[in-house]
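Okay, so here's the structure we're looking at.
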Amino acid sequence: MSFVDILLEEHRQFATMLGVLEALARRVAAGDEVPLDVLSDVLEFFDRFAAQHHDREEQLLFPFLAGHGIGPDQTAVHALRAQHEAGRVYNAKLRGEFRQLAAGEAGAAAALAQTLGAFSELIREHLRIEDEYFYALADQVLTPAEHERILRQLERAANDPAARQARQRYLRMLATYPAMVAAWDPGR
Ligand SMILES: [Fe+2]
Ligand SMILES: [Fe+2]
């Protein structure tokens, strides 16, 4: 297994959870009742699990690529970093708007629905760039020794007891939430 396979598998998990997030956003926008515990879990998924993924790309992958001339001043790396940063800003904004929705504040649903839509668009575009272009480039330019070092560090990070526990929780969400939201919009 290559480190790229690990990151791509996480992307597939993000895409699955984006489907859940988009179904929640449609309900919020329509003014339908939304299970707040599920919405909170999905926001946590993107706030923690997806954010860790972005951090690991920045700390483990980007420095090696910089050694091959693909540094922060390159358009692709610059764009990806900017998207990671925008994602962090959105995560904080979503948390705040979620709290307002839970408190029953007027206008909270419309604001949250709009931010959820923009966030989802951002992450889908980010995954598209990495899936279709950036990871293939990384795969190509890195040496076998660099591939091995990145893989080792990803495995070490994944074996941390707290990370393992959180991962089990996210896997349970991935195993249950897609079917739950599919039942809301049959035929979609
Ligand atoms: Fe990624
Ligand atoms: Fe990324």
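By convention here, the chains of the structure tokens are called A, B, ... in the order presented, each chain's residues are numbered starting at 1, and ligands are numbered starting at 1 in the order presented.
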
- Task: Please identify every polymer residue within 7 Å of ligand 1, using only C-alpha atoms and all ligand atoms, and present the set as number ranges by chain.
- Result: A: 7, 11, 53-54, 57, 127, 130

Selection as an mmCIF file with C-alpha atoms, in the first residue's frame: residues within 9 Å of ligand 2 by only C-alpha atoms and all ligand atoms:
data_model
loop_
_atom_site.group_PDB
_atom_site.id
_atom_site.type_symbol
_atom_site.label_atom_id
_atom_site.label_comp_id
_atom_site.auth_asym_id
_atom_site.auth_seq_id
_atom_site.Cartn_x
_atom_site.Cartn_y
_atom_site.Cartn_z
ATOM 1 C CA ALA A 50 -10.874 16.034 7.689
ATOM 2 C CA ALA A 51 -8.843 18.799 9.351
ATOM 3 C CA HIS A 53 -6.002 14.982 6.967
ATOM 4 C CA HIS A 54 -5.245 18.526 5.742
ATOM 5 C CA ASP A 55 -2.692 18.984 8.547
ATOM 6 C CA ARG A 56 -0.932 15.749 7.602
ATOM 7 C CA GLU A 57 -0.758 16.809 3.947
ATOM 8 C CA GLU A 58 0.824 20.086 4.996
ATOM 9 C CA LEU A 80 -4.569 23.673 -1.917
ATOM 10 C CA ARG A 81 -3.190 25.448 1.172
ATOM 11 C CA GLN A 83 -8.492 25.766 0.453
ATOM 12 C CA HIS A 84 -7.308 24.044 3.664
ATOM 13 C CA ILE A 123 -14.350 20.453 -0.239
ATOM 14 C CA HIS A 126 -10.493 20.378 -3.248
ATOM 15 C CA LEU A 127 -10.931 16.598 -3.477
ATOM 16 C CA ILE A 129 -7.925 18.700 -7.622
ATOM 17 C CA GLU A 130 -6.083 16.233 -5.382
#

I'd like the contact shell of Phe45 in chain A - 9 Å cut-off, only C-alpha atoms, skipping same-chain residues fewer than 5 positions apart - returned as a CSV table (one decimal) with C-alpha atoms, in the first residue's frame.
chain,number,residue,atom,x,y,z
A,14,PHE,CA,-15.1,12.6,3.0
A,17,MET,CA,-19.9,12.2,4.5
A,40,SER,CA,-23.2,17.9,15.3
A,50,ALA,CA,-10.9,16.0,7.7
A,51,ALA,CA,-8.8,18.8,9.4
A,170,TYR,CA,-16.1,8.1,12.4
A,173,MET,CA,-20.9,7.3,11.4

- Task: Quick one: everything within 12 Å of His68 in chain A, counting only C-alpha atoms, minus sequence neighbours fewer than 2 positions away in the same chain. Send it as a list in words.
- Result: Leu61, Phe62, Pro63, Phe64, Leu65, Ala66, Ile70, Gly71, Pro72, Gln74, Leu137, Ala138, Asp139, Gln140, Val141, Leu142, Thr143 and Glu146 of chain A

Please, could you write that set of residues out with C-alpha atoms as an mmCIF file, in the first residue's frame?
data_model
loop_
_atom_site.group_PDB
_atom_site.id
_atom_site.type_symbol
_atom_site.label_atom_id
_atom_site.label_comp_id
_atom_site.auth_asym_id
_atom_site.auth_seq_id
_atom_site.Cartn_x
_atom_site.Cartn_y
_atom_site.Cartn_z
ATOM 1 C CA LEU A 61 3.592 15.627 2.107
ATOM 2 C CA PHE A 62 4.146 19.258 1.140
ATOM 3 C CA PRO A 63 7.680 19.530 2.635
ATOM 4 C CA PHE A 64 8.864 16.544 0.574
ATOM 5 C CA LEU A 65 7.319 18.023 -2.568
ATOM 6 C CA ALA A 66 9.054 21.332 -1.872
ATOM 7 C CA ILE A 70 6.907 21.940 -5.940
ATOM 8 C CA GLY A 71 6.933 24.498 -3.153
ATOM 9 C CA PRO A 72 4.440 26.891 -1.563
ATOM 10 C CA GLN A 74 3.637 26.841 -6.973
ATOM 11 C CA LEU A 137 2.010 14.351 -9.398
ATOM 12 C CA ALA A 138 3.205 13.581 -5.854
ATOM 13 C CA ASP A 139 3.254 9.856 -6.595
ATOM 14 C CA GLN A 140 5.434 10.508 -9.624
ATOM 15 C CA VAL A 141 8.039 12.922 -8.244
ATOM 16 C CA LEU A 142 8.706 11.423 -4.799
ATOM 17 C CA THR A 143 11.450 8.840 -4.474
ATOM 18 C CA GLU A 146 10.282 9.378 0.516
#

- Item | Backbone DSSP call of alpha helix (DSSP H) for range 8-187 of chain A, listed as a VMD selection string | chain A and resid 8 to 30 36 to 44 51 to 56 62 to 66 75 to 102 108 to 129 135 to 141 144 to 159 161 to 182

Residues as selected, C-alpha atoms, written as a short mmCIF file (atom, residue, chain, number, x, y, z; two decimals), in the first residue's frame, can you do that?
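After the write, selection_29.cif holds the following:
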data_model
loop_
_atom_site.label_atom_id
_atom_site.label_comp_id
_atom_site.auth_asym_id
_atom_site.auth_seq_id
_atom_site.Cartn_x
_atom_site.Cartn_y
_atom_site.Cartn_z
CA LEU A 8 -7.45 8.55 -1.37
CA GLU A 9 -9.40 6.23 0.92
CA GLU A 10 -9.90 9.15 3.32
CA HIS A 11 -11.13 11.26 0.37
CA ARG A 12 -13.75 8.61 -0.42
CA GLN A 13 -14.87 8.80 3.21
CA PHE A 14 -15.07 12.61 3.01
CA ALA A 15 -17.13 12.36 -0.20
CA THR A 16 -19.52 9.92 1.50
CA MET A 17 -19.90 12.23 4.48
CA LEU A 18 -20.38 15.23 2.16
CA GLY A 19 -23.43 13.41 0.81
CA VAL A 20 -24.75 13.24 4.38
CA LEU A 21 -23.89 16.90 4.98
CA GLU A 22 -25.67 17.95 1.77
CA ALA A 23 -28.81 15.98 2.75
CA LEU A 24 -28.75 17.72 6.14
CA ALA A 25 -28.29 21.09 4.38
CA ARG A 26 -31.37 20.46 2.22
CA ARG A 27 -33.45 19.79 5.33
CA VAL A 28 -32.09 22.86 7.09
CA ALA A 29 -32.85 24.99 4.00
CA ALA A 30 -36.39 23.58 3.74
CA LEU A 36 -29.09 17.94 15.80
CA ASP A 37 -26.98 15.06 17.16
CA VAL A 38 -26.34 13.82 13.60
CA LEU A 39 -25.57 17.32 12.34
CA SER A 40 -23.20 17.86 15.26
CA ASP A 41 -21.42 14.55 14.52
CA VAL A 42 -21.02 15.41 10.83
CA LEU A 43 -19.60 18.84 11.67
CA GLU A 44 -17.20 17.18 14.11
CA ALA A 51 -8.84 18.80 9.35
CA GLN A 52 -6.27 16.23 10.53
CA HIS A 53 -6.00 14.98 6.97
CA HIS A 54 -5.25 18.53 5.74
CA ASP A 55 -2.69 18.98 8.55
CA ARG A 56 -0.93 15.75 7.60
CA PHE A 62 4.15 19.26 1.14
CA PRO A 63 7.68 19.53 2.64
CA PHE A 64 8.86 16.54 0.57
CA LEU A 65 7.32 18.02 -2.57
CA ALA A 66 9.05 21.33 -1.87
CA THR A 75 0.05 27.45 -8.05
CA ALA A 76 -1.29 24.03 -7.09
CA VAL A 77 0.26 23.97 -3.60
CA HIS A 78 -0.75 27.57 -3.01
CA ALA A 79 -4.37 26.83 -4.05
CA LEU A 80 -4.57 23.67 -1.92
CA ARG A 81 -3.19 25.45 1.17
CA ALA A 82 -5.66 28.30 0.65
CA GLN A 83 -8.49 25.77 0.45
CA HIS A 84 -7.31 24.04 3.66
CA GLU A 85 -7.30 27.42 5.37
CA ALA A 86 -10.76 28.30 4.00
CA GLY A 87 -11.97 24.92 5.31
CA ARG A 88 -10.73 25.79 8.82
CA VAL A 89 -12.54 29.12 8.70
CA TYR A 90 -15.74 27.41 7.52
CA ASN A 91 -15.49 24.81 10.30
CA ALA A 92 -15.44 27.54 12.94
CA LYS A 93 -18.30 29.43 11.22
CA LEU A 94 -20.38 26.23 10.98
CA ARG A 95 -19.90 25.54 14.68
CA GLY A 96 -21.16 29.01 15.55
CA GLU A 97 -24.16 28.78 13.20
CA PHE A 98 -24.97 25.30 14.54
CA ARG A 99 -25.09 26.70 18.09
CA GLN A 100 -27.44 29.48 16.89
CA LEU A 101 -29.70 26.91 15.19
CA ALA A 102 -29.75 24.73 18.31
CA ALA A 108 -30.01 30.65 11.90
CA ALA A 109 -31.29 27.97 9.51
CA ALA A 110 -30.88 30.12 6.39
CA ALA A 111 -27.35 31.17 7.38
CA LEU A 112 -26.33 27.60 8.22
CA ALA A 113 -27.81 26.18 5.00
CA GLN A 114 -25.86 28.72 2.96
CA THR A 115 -22.56 28.01 4.74
CA LEU A 116 -23.07 24.24 4.46
CA GLY A 117 -23.57 24.64 0.69
CA ALA A 118 -20.45 26.78 0.26
CA PHE A 119 -18.36 24.45 2.45
CA SER A 120 -19.48 21.39 0.52
CA GLU A 121 -18.61 23.05 -2.79
CA LEU A 122 -15.16 23.97 -1.47
CA ILE A 123 -14.35 20.45 -0.24
CA ARG A 124 -15.65 18.76 -3.41
CA GLU A 125 -13.46 21.02 -5.55
CA HIS A 126 -10.49 20.38 -3.25
CA LEU A 127 -10.93 16.60 -3.48
CA ARG A 128 -11.27 16.86 -7.25
CA ILE A 129 -7.93 18.70 -7.62
CA TYR A 135 -1.70 13.05 -5.81
CA ALA A 136 -0.62 11.61 -9.19
CA LEU A 137 2.01 14.35 -9.40
CA ALA A 138 3.21 13.58 -5.85
CA ASP A 139 3.25 9.86 -6.60
CA GLN A 140 5.43 10.51 -9.62
CA VAL A 141 8.04 12.92 -8.24
CA PRO A 144 10.68 5.33 -3.13
CA ALA A 145 12.49 6.28 0.12
CA GLU A 146 10.28 9.38 0.52
CA HIS A 147 7.17 7.32 -0.20
CA GLU A 148 8.24 4.93 2.55
CA ARG A 149 8.93 7.73 5.06
CA ILE A 150 5.54 9.35 4.48
CA LEU A 151 3.78 5.98 4.77
CA ARG A 152 5.58 5.22 8.07
CA GLN A 153 4.63 8.60 9.52
CA LEU A 154 0.99 8.23 8.45
CA GLU A 155 0.89 4.78 10.05
CA ARG A 156 2.45 6.11 13.25
CA ALA A 157 -0.14 8.90 13.41
CA ALA A 158 -2.97 6.40 12.77
CA ASN A 159 -1.73 4.09 15.57
CA PRO A 161 -4.61 5.40 20.72
CA ALA A 162 -6.73 8.58 20.66
CA ALA A 163 -6.64 8.65 16.85
CA ARG A 164 -7.69 4.97 16.70
CA GLN A 165 -10.60 5.58 19.04
CA ALA A 166 -11.78 8.62 17.07
CA ARG A 167 -11.43 6.68 13.83
CA GLN A 168 -13.71 3.90 15.13
CA ARG A 169 -16.31 6.54 15.92
CA TYR A 170 -16.06 8.06 12.43
CA LEU A 171 -16.30 4.61 10.82
CA ARG A 172 -19.52 3.98 12.75
CA MET A 173 -20.91 7.30 11.43
CA LEU A 174 -19.91 6.30 7.88
CA ALA A 175 -21.62 2.95 8.34
CA THR A 176 -24.94 4.39 9.51
CA TYR A 177 -25.56 7.99 8.41
CA PRO A 178 -25.62 7.54 4.59
CA ALA A 179 -28.48 5.01 4.86
CA MET A 180 -30.29 7.27 7.34
CA VAL A 181 -30.27 10.28 5.01
CA ALA A 182 -31.03 8.16 1.91
#

- Separation of CA of Ala106 in chain A and CA of Asp185 in chain A, in Å? 26.1 Å

- Query: Could you work out how far CA of Gly67 in chain A lies from CA of Phe49 in chain A, giving the answer in Å with one decimal?
  - Reply: 27.2 Å
